[in-house]
Each structure stands twice: as C-alpha cells, then as structure tokens.
$ cat my_file.cif   # mmCIF, C-alpha atoms (C1' of nucleotides)
data_my_file
#
loop_
_atom_site.group_PDB
_atom_site.id
_atom_site.type_symbol
_atom_site.label_atom_id
_atom_site.label_comp_id
_atom_site.auth_asym_id
_atom_site.auth_seq_id
_atom_site.Cartn_x
_atom_site.Cartn_y
_atom_site.Cartn_z
ATOM 1 C CA MET A 1 81.217 -30.124 -33.202
ATOM 2 C CA ALA A 2 79.577 -28.126 -30.466
ATOM 3 C CA LEU A 3 82.707 -26.414 -29.303
ATOM 4 C CA ILE A 4 81.334 -23.417 -27.526
ATOM 5 C CA ASP A 5 78.279 -23.570 -25.327
ATOM 6 C CA PRO A 6 76.936 -20.105 -24.514
ATOM 7 C CA LEU A 7 74.959 -21.596 -21.640
ATOM 8 C CA ALA A 8 77.914 -23.306 -20.004
ATOM 9 C CA VAL A 9 79.208 -22.303 -16.613
ATOM 10 C CA GLU A 10 82.451 -20.995 -18.074
ATOM 11 C CA PHE A 11 82.277 -17.849 -20.145
ATOM 12 C CA THR A 12 82.677 -18.147 -23.877
ATOM 13 C CA TYR A 13 86.080 -16.487 -23.913
ATOM 14 C CA ILE A 14 87.353 -18.779 -21.162
ATOM 15 C CA GLN A 15 86.107 -21.865 -22.998
ATOM 16 C CA ILE A 16 87.866 -20.710 -26.144
ATOM 17 C CA ALA A 17 91.080 -19.880 -24.311
ATOM 18 C CA ASN A 18 91.099 -23.344 -22.765
ATOM 19 C CA HIS A 19 90.366 -24.990 -26.080
ATOM 20 C CA ILE A 20 93.116 -23.159 -27.928
ATOM 21 C CA GLU A 21 95.525 -23.891 -25.111
ATOM 22 C CA ALA A 22 94.704 -27.575 -25.466
ATOM 23 C CA ARG A 23 95.376 -27.353 -29.193
ATOM 24 C CA ILE A 24 98.772 -25.898 -28.390
ATOM 25 C CA ASP A 25 99.496 -28.596 -25.849
ATOM 26 C CA VAL A 26 98.497 -31.310 -28.281
ATOM 27 C CA GLY A 27 100.853 -29.886 -30.880
ATOM 28 C CA GLU A 28 98.262 -28.757 -33.369
ATOM 29 C CA PHE A 29 99.767 -25.288 -33.215
ATOM 30 C CA LYS A 30 103.524 -25.508 -33.129
ATOM 31 C CA HIS A 31 104.571 -22.038 -34.141
ATOM 32 C CA LYS A 32 102.151 -19.629 -35.767
ATOM 33 C CA LEU A 33 98.488 -19.617 -34.905
ATOM 34 C CA PRO A 34 95.732 -18.900 -37.413
ATOM 35 C CA ALA A 35 94.656 -15.290 -37.774
ATOM 36 C CA GLU A 36 92.416 -13.993 -35.028
ATOM 37 C CA ARG A 37 89.519 -13.443 -37.384
ATOM 38 C CA ALA A 38 89.917 -16.932 -38.797
ATOM 39 C CA LEU A 39 89.781 -18.391 -35.315
ATOM 40 C CA ALA A 40 86.769 -16.263 -34.474
ATOM 41 C CA ALA A 41 85.001 -17.633 -37.530
ATOM 42 C CA GLU A 42 86.037 -21.172 -36.673
ATOM 43 C CA TYR A 43 84.621 -20.898 -33.162
ATOM 44 C CA GLY A 44 81.614 -18.963 -34.337
ATOM 45 C CA VAL A 45 82.154 -16.020 -32.035
ATOM 46 C CA ALA A 46 82.714 -12.294 -32.464
ATOM 47 C CA TYR A 47 86.211 -11.042 -33.157
ATOM 48 C CA GLN A 48 86.307 -9.104 -29.900
ATOM 49 C CA THR A 49 85.334 -12.187 -27.969
ATOM 50 C CA LEU A 50 88.164 -14.147 -29.509
ATOM 51 C CA ARG A 51 90.517 -11.261 -28.679
ATOM 52 C CA ARG A 52 89.514 -11.697 -25.053
ATOM 53 C CA ALA A 53 90.413 -15.356 -25.218
ATOM 54 C CA MET A 54 93.785 -14.449 -26.725
ATOM 55 C CA GLN A 55 94.356 -11.965 -23.931
ATOM 56 C CA VAL A 56 93.827 -14.765 -21.453
ATOM 57 C CA LEU A 57 96.420 -16.900 -23.207
ATOM 58 C CA ARG A 58 98.837 -13.981 -23.270
ATOM 59 C CA ASP A 59 98.305 -13.572 -19.538
ATOM 60 C CA ARG A 60 98.974 -17.282 -19.133
ATOM 61 C CA GLY A 61 102.193 -16.839 -21.069
ATOM 62 C CA ARG A 62 101.152 -19.309 -23.754
ATOM 63 C CA ILE A 63 101.197 -17.030 -26.784
ATOM 64 C CA ILE A 64 102.972 -13.962 -28.085
ATOM 65 C CA THR A 65 101.171 -11.499 -30.339
ATOM 66 C CA ARG A 66 102.674 -8.935 -32.664
ATOM 67 C CA GLN A 67 100.646 -6.432 -34.633
ATOM 68 C CA GLY A 68 100.885 -7.012 -38.345
ATOM 69 C CA ARG A 69 102.696 -10.296 -37.901
ATOM 70 C CA GLY A 70 100.465 -12.685 -36.072
ATOM 71 C CA THR A 71 100.189 -14.800 -32.967
ATOM 72 C CA PHE A 72 102.801 -17.368 -32.015
ATOM 73 C CA VAL A 73 103.185 -20.124 -29.490
ATOM 74 C CA ALA A 74 105.323 -18.872 -26.635
ATOM 75 C CA PRO A 75 108.454 -20.851 -25.804
ATOM 76 C CA PRO A 76 107.895 -22.922 -22.636
ATOM 77 C CA ALA A 77 108.696 -20.966 -19.521
ATOM 78 C CA ARG A 78 111.764 -22.055 -17.655
ATOM 79 C CA THR A 79 111.027 -23.942 -14.446
ATOM 80 C CA MET B 1 86.836 21.035 -21.986
ATOM 81 C CA ALA B 2 88.493 19.028 -24.701
ATOM 82 C CA LEU B 3 89.369 16.129 -22.494
ATOM 83 C CA ILE B 4 89.894 13.397 -25.009
ATOM 84 C CA ASP B 5 91.550 13.957 -28.342
ATOM 85 C CA PRO B 6 91.019 11.065 -30.746
ATOM 86 C CA LEU B 7 93.931 12.322 -32.824
ATOM 87 C CA ALA B 8 96.414 12.415 -29.960
ATOM 88 C CA VAL B 9 99.410 10.139 -29.815
ATOM 89 C CA GLU B 10 98.049 8.190 -26.874
ATOM 90 C CA PHE B 11 95.033 5.975 -27.430
ATOM 91 C CA THR B 12 91.721 7.145 -26.094
ATOM 92 C CA TYR B 13 91.582 4.530 -23.373
ATOM 93 C CA ILE B 14 95.095 5.391 -22.195
ATOM 94 C CA GLN B 15 94.279 9.085 -22.103
ATOM 95 C CA ILE B 16 91.189 8.352 -20.029
ATOM 96 C CA ALA B 17 93.051 6.021 -17.696
ATOM 97 C CA ASN B 18 95.683 8.697 -17.114
ATOM 98 C CA HIS B 19 93.056 11.353 -16.565
ATOM 99 C CA ILE B 20 91.088 9.309 -14.055
ATOM 100 C CA GLU B 21 94.292 8.373 -12.285
ATOM 101 C CA ALA B 22 95.112 12.064 -11.975
ATOM 102 C CA ARG B 23 91.673 12.690 -10.521
ATOM 103 C CA ILE B 24 92.377 10.029 -7.931
ATOM 104 C CA ASP B 25 95.778 11.503 -7.140
ATOM 105 C CA VAL B 26 94.315 14.956 -6.755
ATOM 106 C CA GLY B 27 91.735 13.656 -4.310
ATOM 107 C CA GLU B 28 88.672 14.169 -6.470
ATOM 108 C CA PHE B 29 87.831 10.500 -6.029
ATOM 109 C CA LYS B 30 88.513 9.437 -2.483
ATOM 110 C CA HIS B 31 86.564 6.210 -2.203
ATOM 111 C CA LYS B 32 83.888 5.311 -4.732
ATOM 112 C CA LEU B 33 84.153 6.288 -8.361
ATOM 113 C CA PRO B 34 81.176 7.262 -10.511
ATOM 114 C CA ALA B 35 79.452 4.457 -12.386
ATOM 115 C CA GLU B 36 81.222 3.280 -15.517
ATOM 116 C CA ARG B 37 78.438 4.433 -17.785
ATOM 117 C CA ALA B 38 78.406 7.829 -16.113
ATOM 118 C CA LEU B 39 82.147 8.173 -16.694
ATOM 119 C CA ALA B 40 81.748 7.008 -20.278
ATOM 120 C CA ALA B 41 79.134 9.686 -20.830
ATOM 121 C CA GLU B 42 81.302 12.295 -19.122
ATOM 122 C CA TYR B 43 84.289 11.543 -21.350
ATOM 123 C CA GLY B 44 82.121 11.126 -24.399
ATOM 124 C CA VAL B 45 83.303 7.636 -25.249
ATOM 125 C CA ALA B 46 81.711 4.221 -25.613
ATOM 126 C CA TYR B 47 81.102 2.138 -22.519
ATOM 127 C CA GLN B 48 83.505 -0.556 -23.695
ATOM 128 C CA THR B 49 86.216 1.997 -24.277
ATOM 129 C CA LEU B 50 85.843 3.264 -20.740
ATOM 130 C CA ARG B 51 85.963 -0.340 -19.506
ATOM 131 C CA ARG B 52 89.353 -0.649 -21.191
ATOM 132 C CA ALA B 53 90.575 2.401 -19.329
ATOM 133 C CA MET B 54 89.328 0.898 -16.071
ATOM 134 C CA GLN B 55 91.153 -2.337 -16.857
ATOM 135 C CA VAL B 56 94.341 -0.318 -17.197
ATOM 136 C CA LEU B 57 93.794 1.237 -13.788
ATOM 137 C CA ARG B 58 93.079 -2.182 -12.293
ATOM 138 C CA ASP B 59 96.332 -3.418 -13.794
ATOM 139 C CA ARG B 60 98.075 -0.417 -12.282
ATOM 140 C CA GLY B 61 96.580 -1.313 -8.933
ATOM 141 C CA ARG B 62 94.771 2.009 -8.609
ATOM 142 C CA ILE B 63 91.181 0.787 -8.441
ATOM 143 C CA ILE B 64 89.182 -2.197 -7.324
ATOM 144 C CA THR B 65 86.021 -3.192 -9.161
ATOM 145 C CA ARG B 66 83.200 -5.356 -7.845
ATOM 146 C CA GLN B 67 80.231 -6.455 -9.887
ATOM 147 C CA GLY B 68 77.001 -4.940 -8.644
ATOM 148 C CA ARG B 69 78.807 -2.698 -6.177
ATOM 149 C CA GLY B 70 80.982 -0.293 -8.064
ATOM 150 C CA THR B 71 84.543 0.834 -8.527
ATOM 151 C CA PHE B 72 86.675 2.016 -5.631
ATOM 152 C CA VAL B 73 90.008 3.683 -5.121
ATOM 153 C CA ALA B 74 92.544 1.051 -4.129
ATOM 154 C CA PRO B 75 94.418 1.574 -0.885
ATOM 155 C CA PRO B 76 97.994 2.717 -1.596
ATOM 156 C CA ALA B 77 100.374 -0.153 -2.106
ATOM 157 C CA ARG B 78 102.888 -0.670 0.658
ATOM 158 C CA THR B 79 106.423 0.391 -0.267
ATOM 159 C "C1'" DG C 1 110.249 2.684 -52.299
ATOM 160 C "C1'" DG C 2 105.500 2.022 -53.489
ATOM 161 C "C1'" DC C 3 101.328 -0.993 -53.416
ATOM 162 C "C1'" DG C 4 98.295 -4.362 -52.083
ATOM 163 C "C1'" DA C 5 97.254 -8.156 -49.061
ATOM 164 C "C1'" DT C 6 97.340 -9.821 -44.477
ATOM 165 C "C1'" DT C 7 96.981 -9.382 -39.571
ATOM 166 C "C1'" DT C 8 96.654 -7.274 -35.171
ATOM 167 C "C1'" DG C 9 94.778 -2.968 -32.538
ATOM 168 C "C1'" DT C 10 91.412 0.410 -31.222
ATOM 169 C "C1'" DA C 11 86.739 2.288 -30.920
ATOM 170 C "C1'" DC C 12 81.925 2.395 -31.413
ATOM 171 C "C1'" DG C 13 76.991 1.170 -30.038
ATOM 172 C "C1'" DT C 14 73.915 -2.236 -28.391
ATOM 173 C "C1'" DA C 15 71.850 -6.253 -25.992
ATOM 174 C "C1'" DT C 16 71.648 -9.290 -22.322
ATOM 175 C "C1'" DG C 17 73.252 -11.418 -17.947
ATOM 176 C "C1'" DT C 18 74.594 -11.224 -13.005
ATOM 177 C "C1'" DA C 19 75.357 -9.225 -8.452
ATOM 178 C "C1'" DT C 20 74.317 -5.748 -5.065
ATOM 179 C "C1'" DT C 21 71.545 -2.379 -2.877
ATOM 180 C "C1'" DC D 1 60.734 -6.536 -6.472
ATOM 181 C "C1'" DA D 2 62.843 -2.519 -8.634
ATOM 182 C "C1'" DA D 3 66.898 0.251 -9.399
ATOM 183 C "C1'" DT D 4 71.730 0.427 -9.814
ATOM 184 C "C1'" DA D 5 76.151 -1.187 -11.440
ATOM 185 C "C1'" DC D 6 79.538 -4.220 -13.300
ATOM 186 C "C1'" DA D 7 80.354 -8.301 -16.909
ATOM 187 C "C1'" DT D 8 80.044 -10.617 -21.165
ATOM 188 C "C1'" DA D 9 79.016 -10.899 -26.081
ATOM 189 C "C1'" DC D 10 77.857 -9.328 -30.567
ATOM 190 C "C1'" DG D 11 78.838 -6.980 -35.069
ATOM 191 C "C1'" DT D 12 81.055 -3.334 -37.439
ATOM 192 C "C1'" DA D 13 84.437 0.165 -39.006
ATOM 193 C "C1'" DC D 14 88.715 2.048 -39.410
ATOM 194 C "C1'" DA D 15 93.722 2.452 -38.076
ATOM 195 C "C1'" DA D 16 98.446 0.623 -37.832
ATOM 196 C "C1'" DA D 17 102.137 -2.661 -38.546
ATOM 197 C "C1'" DT D 18 104.154 -6.164 -41.442
ATOM 198 C "C1'" DC D 19 105.265 -8.741 -45.569
ATOM 199 C "C1'" DG D 20 105.752 -10.007 -50.456
ATOM 200 C "C1'" DC D 21 105.946 -8.417 -54.971
#
$ encode --input "my_file.cif" --output "structure tokens"
Amino acid sequence: MALIDPLAVEFTYIQIANHIEARIDVGEFKHKLPAERALAAEYGVAYQTLRRAMQVLRDRGRIITRQGRGTFVAPPART
Amino acid sequence: MALIDPLAVEFTYIQIANHIEARIDVGEFKHKLPAERALAAEYGVAYQTLRRAMQVLRDRGRIITRQGRGTFVAPPART
DNA sequence: GGCGATTTGTACGTATGTATT
DNA sequence: CAATACATACGTACAAATCGC
C-alpha cells in the first residue's frame, strides 16, 4: 500500500495528517491512537515527521495528546 | 554571555523565543530579523531548535516569516 | 514507594527542496 | 544563473511523564 508519496504535491506530514484523520472519521481509531513511533513505522516516515502530522491534527482539534499517556481522539466539537 | 542554559527550567526553544522577543521589544530588531541559521549559530543551538523558537513567536504574533525572503517583525496588533 | 516498560517531548546535525533576490 | 533564506524530512539520543507490577 503506497500510502505516502514523497513526490506528491502535498507534503508528507500533511498526507499523513489527512490519512490519520480519515482513519478517525471511519472509526478505526475510536479512543486511543497507536503510539507515535508505531505510527511512524507504519507510515515509513521519521518520528519527527509523524510528530508534525500529529501537530496538524491537534491544531484541527481532532486529537488530544498527553505526555506519558498517549494520543486520543478528541470529542467532537460542539456546533 | 551565557544566553541559553540547557539545564534551566524553561526549554531551550522557549528561552530563545523569549530572548528574541525581548530583542524586538527593546528595538534591536525593527524590521528584518537575521537569517534563521545566523540566529541558530548566535545562540549556539541547532537550526531546527531555532525554528521551533520562531514558530513560538509566530504563534505569539510577533513575527512574520516568508520563504525565500526572511523573517520580519510583525506590526503591533490593534487593541 | 521503587522499578521497569511504555509513550510523549525536546534537541541535535544533516540533506535536500523551494522561493526570493 | 548564483547567492541567500525559509521549509521539509531524515535518523538519533536523551529527558520526562505515566502506568502496572
């Protein structure tokens, strides 16, 4: 599965952020997400690159991260 | 001048962000800031660490960064 | 309370790409 | 076209918080 294309228009960390967000939307991740380093390995990117993607999702309000605990799906924002 | 103390309570990139912000406030930087790599060398930290500090200042609304052009002091926010 | 395992956080140094001058 | 300057990406090491035993 050619998930990440380094030559794509979108940057790697944006592609990953979008992909993880889709996995949240589809219900694959309901509560706790895999460890950052596990996700980095899964996507075949550097840890710091995956951290960037996570930062994007935090900015989008989709995840909540706590040191030592993990990363969790954020409750849907009230509309 | 022991600018950055790796053993301080604040993280390196926060210390640097605060220090650069003070230099802006004091009028040392009025328009254009030195290049990121020059600042990294001046503070004796890695380029990516200085980039983090700059991100903090962008978040604080103190600077504006443009690829290929440089980093500039942001006009004061209206109150 | 201690200890180890797990997980996120910071920091480093480097390479390459992209935009501006 | 060359020099300058910001942007992304990699891989690594160590620190800090949390959890289970």
$ closest_residue --input "my_file.cif" --among "B:His19, B:Arg62, B:Lys32, B:Arg37" --to "Ala74 of chain B" --atoms "all atoms listed in the file"
B:Arg62
$ residues_around --input "my_file.cif" --residues "segment 25-31 of chain A" --least-positions-apart "5" --cutoff "12 Å" --atoms "only C-alpha atoms (C1' of nucleotides)" --output "JSON, numbers by chain"
{"A": [18, 19, 20, 62, 63, 64, 65, 70, 71, 72, 73, 74, 75, 76]}
$ closest_residue --input "my_file.cif" --among "A:Ala38, A:Ile14, A:Leu50, A:Val9" --to "DT6 of chain C" --atoms "all atoms listed in the file"
A:Ala38
$ interface_residues --input "my_file.cif" --of "chain C" --to "chain B" --cutoff "10 Å" --atoms "all atoms listed in the file" --output "MDAnalysis selection string"
chainID C and resid 10:13 18:21
$ write_last_selection --input "my_file.cif" --atoms "C-alpha atoms (C1' of nucleotides)" --output "PDB file, in the coordinates of the input"
ATOM      1  C1'  DT C  10      91.412   0.410 -31.222  1.00  0.00           C
ATOM      2  C1'  DA C  11      86.739   2.288 -30.920  1.00  0.00           C
ATOM      3  C1'  DC C  12      81.925   2.395 -31.413  1.00  0.00           C
ATOM      4  C1'  DG C  13      76.991   1.170 -30.038  1.00  0.00           C
ATOM      5  C1'  DT C  18      74.594 -11.224 -13.005  1.00  0.00           C
ATOM      6  C1'  DA C  19      75.357  -9.225  -8.452  1.00  0.00           C
ATOM      7  C1'  DT C  20      74.317  -5.748  -5.065  1.00  0.00           C
ATOM      8  C1'  DT C  21      71.545  -2.379  -2.877  1.00  0.00           C
TER       9       DT C  21
END
$ resolve_selection --input "my_file.cif" --expression "the PyMOL selection byres ((chain D) within 10 of (chain A))" --output "ChimeraX atom specification"
/D:8-11,16-19
$ atom_distance --input "my_file.cif" --atom1 "atom CA of Val56 of chain B" --atom2 "atom C1' of DC6 of chain D"
15.8 Å
$ atom_distance --input "my_file.cif" --atom1 "atom CA of Ala35 of chain A" --atom2 "atom CA of Ala77 of chain A"
23.7 Å
$ atom_distance --input "my_file.cif" --atom1 "atom CA of Ala8 of chain A" --atom2 "atom CA of Arg60 of chain A"
21.9 Å
$ closest_residue --input "my_file.cif" --among "A:Thr79, A:Leu39, A:Leu33, A:Asp59" --to "chain B" --atoms "all atoms listed in the file"
A:Asp59
$ closest_residue --input "my_file.cif" --among "B:Glu21, B:Gly44, B:Gly61, B:Arg52" --to "chain A" --atoms "all atoms listed in the file"
B:Arg52
$ axis_aligned_box --input "my_file.cif" --around "segment 5-17 of chain C" --padding-each-side "4 Å" --output "JSON"
{"center_x": 84.5, "center_y": -4.5, "center_z": -33.5, "size_x": 33.7, "size_y": 21.8, "size_z": 39.1}
$ closest_residue --input "my_file.cif" --among "A:Glu36, A:Ala53, A:Arg23, A:Ala17" --to "DG9 of chain C" --atoms "all atoms listed in the file"
A:Glu36
$ residues_around --input "my_file.cif" --residues "DC21 of chain D" --least-positions-apart "5" --cutoff "12 Å" --atoms "only C-alpha atoms (C1' of nucleotides)" --output "PyMOL selection string"
chain C and resi 2-5
$ build_atoms --input "my_file.cif" --residues "segment 12-35 of chain A" --atoms "N, CA and C atoms" --output "compact mmCIF listing (two decimals), in the coordinates of the input"
# COMPACT_ATOMS: atom_id res chain seq x y z
N THR A 12 82.25 -17.79 -22.54
CA THR A 12 82.68 -18.15 -23.88
C THR A 12 84.18 -17.94 -24.06
N TYR A 13 84.67 -16.80 -23.64
CA TYR A 13 86.08 -16.49 -23.91
C TYR A 13 87.01 -17.37 -23.09
N ILE A 14 86.55 -17.85 -21.95
CA ILE A 14 87.35 -18.78 -21.16
C ILE A 14 87.36 -20.16 -21.82
N GLN A 15 86.19 -20.59 -22.29
CA GLN A 15 86.11 -21.86 -23.00
C GLN A 15 87.05 -21.88 -24.19
N ILE A 16 87.03 -20.78 -24.95
CA ILE A 16 87.87 -20.71 -26.14
C ILE A 16 89.34 -20.70 -25.77
N ALA A 17 89.68 -19.92 -24.75
CA ALA A 17 91.08 -19.88 -24.31
C ALA A 17 91.54 -21.28 -23.93
N ASN A 18 90.73 -21.99 -23.18
CA ASN A 18 91.10 -23.34 -22.76
C ASN A 18 91.24 -24.27 -23.96
N HIS A 19 90.34 -24.12 -24.92
CA HIS A 19 90.37 -24.99 -26.08
C HIS A 19 91.60 -24.75 -26.94
N ILE A 20 91.93 -23.48 -27.13
CA ILE A 20 93.12 -23.16 -27.93
C ILE A 20 94.37 -23.61 -27.19
N GLU A 21 94.37 -23.44 -25.88
CA GLU A 21 95.52 -23.89 -25.11
C GLU A 21 95.73 -25.41 -25.27
N ALA A 22 94.61 -26.12 -25.28
CA ALA A 22 94.70 -27.58 -25.47
C ALA A 22 95.26 -27.90 -26.85
N ARG A 23 94.88 -27.12 -27.83
CA ARG A 23 95.38 -27.35 -29.19
C ARG A 23 96.88 -27.07 -29.27
N ILE A 24 97.33 -26.14 -28.46
CA ILE A 24 98.77 -25.90 -28.39
C ILE A 24 99.46 -27.09 -27.72
N ASP A 25 98.89 -27.51 -26.61
CA ASP A 25 99.50 -28.60 -25.85
C ASP A 25 99.58 -29.88 -26.67
N VAL A 26 98.57 -30.08 -27.51
CA VAL A 26 98.50 -31.31 -28.28
C VAL A 26 99.37 -31.22 -29.54
N GLY A 27 99.93 -30.04 -29.77
CA GLY A 27 100.85 -29.89 -30.88
C GLY A 27 100.21 -29.50 -32.19
N GLU A 28 98.93 -29.18 -32.13
CA GLU A 28 98.26 -28.76 -33.37
C GLU A 28 98.83 -27.42 -33.84
N PHE A 29 99.11 -26.55 -32.90
CA PHE A 29 99.77 -25.29 -33.22
C PHE A 29 101.19 -25.36 -32.67
N LYS A 30 102.13 -25.37 -33.57
CA LYS A 30 103.52 -25.51 -33.13
C LYS A 30 104.25 -24.17 -33.11
N HIS A 31 103.87 -23.32 -34.06
CA HIS A 31 104.57 -22.04 -34.14
C HIS A 31 103.57 -20.90 -34.30
N LYS A 32 103.07 -20.73 -35.52
CA LYS A 32 102.15 -19.63 -35.77
C LYS A 32 100.71 -20.11 -35.66
N LEU A 33 99.90 -19.30 -35.01
CA LEU A 33 98.49 -19.62 -34.90
C LEU A 33 97.74 -19.01 -36.09
N PRO A 34 96.55 -19.53 -36.36
CA PRO A 34 95.73 -18.90 -37.41
C PRO A 34 95.41 -17.46 -37.04
N ALA A 35 95.02 -16.69 -38.03
CA ALA A 35 94.66 -15.29 -37.77
C ALA A 35 93.49 -15.21 -36.80
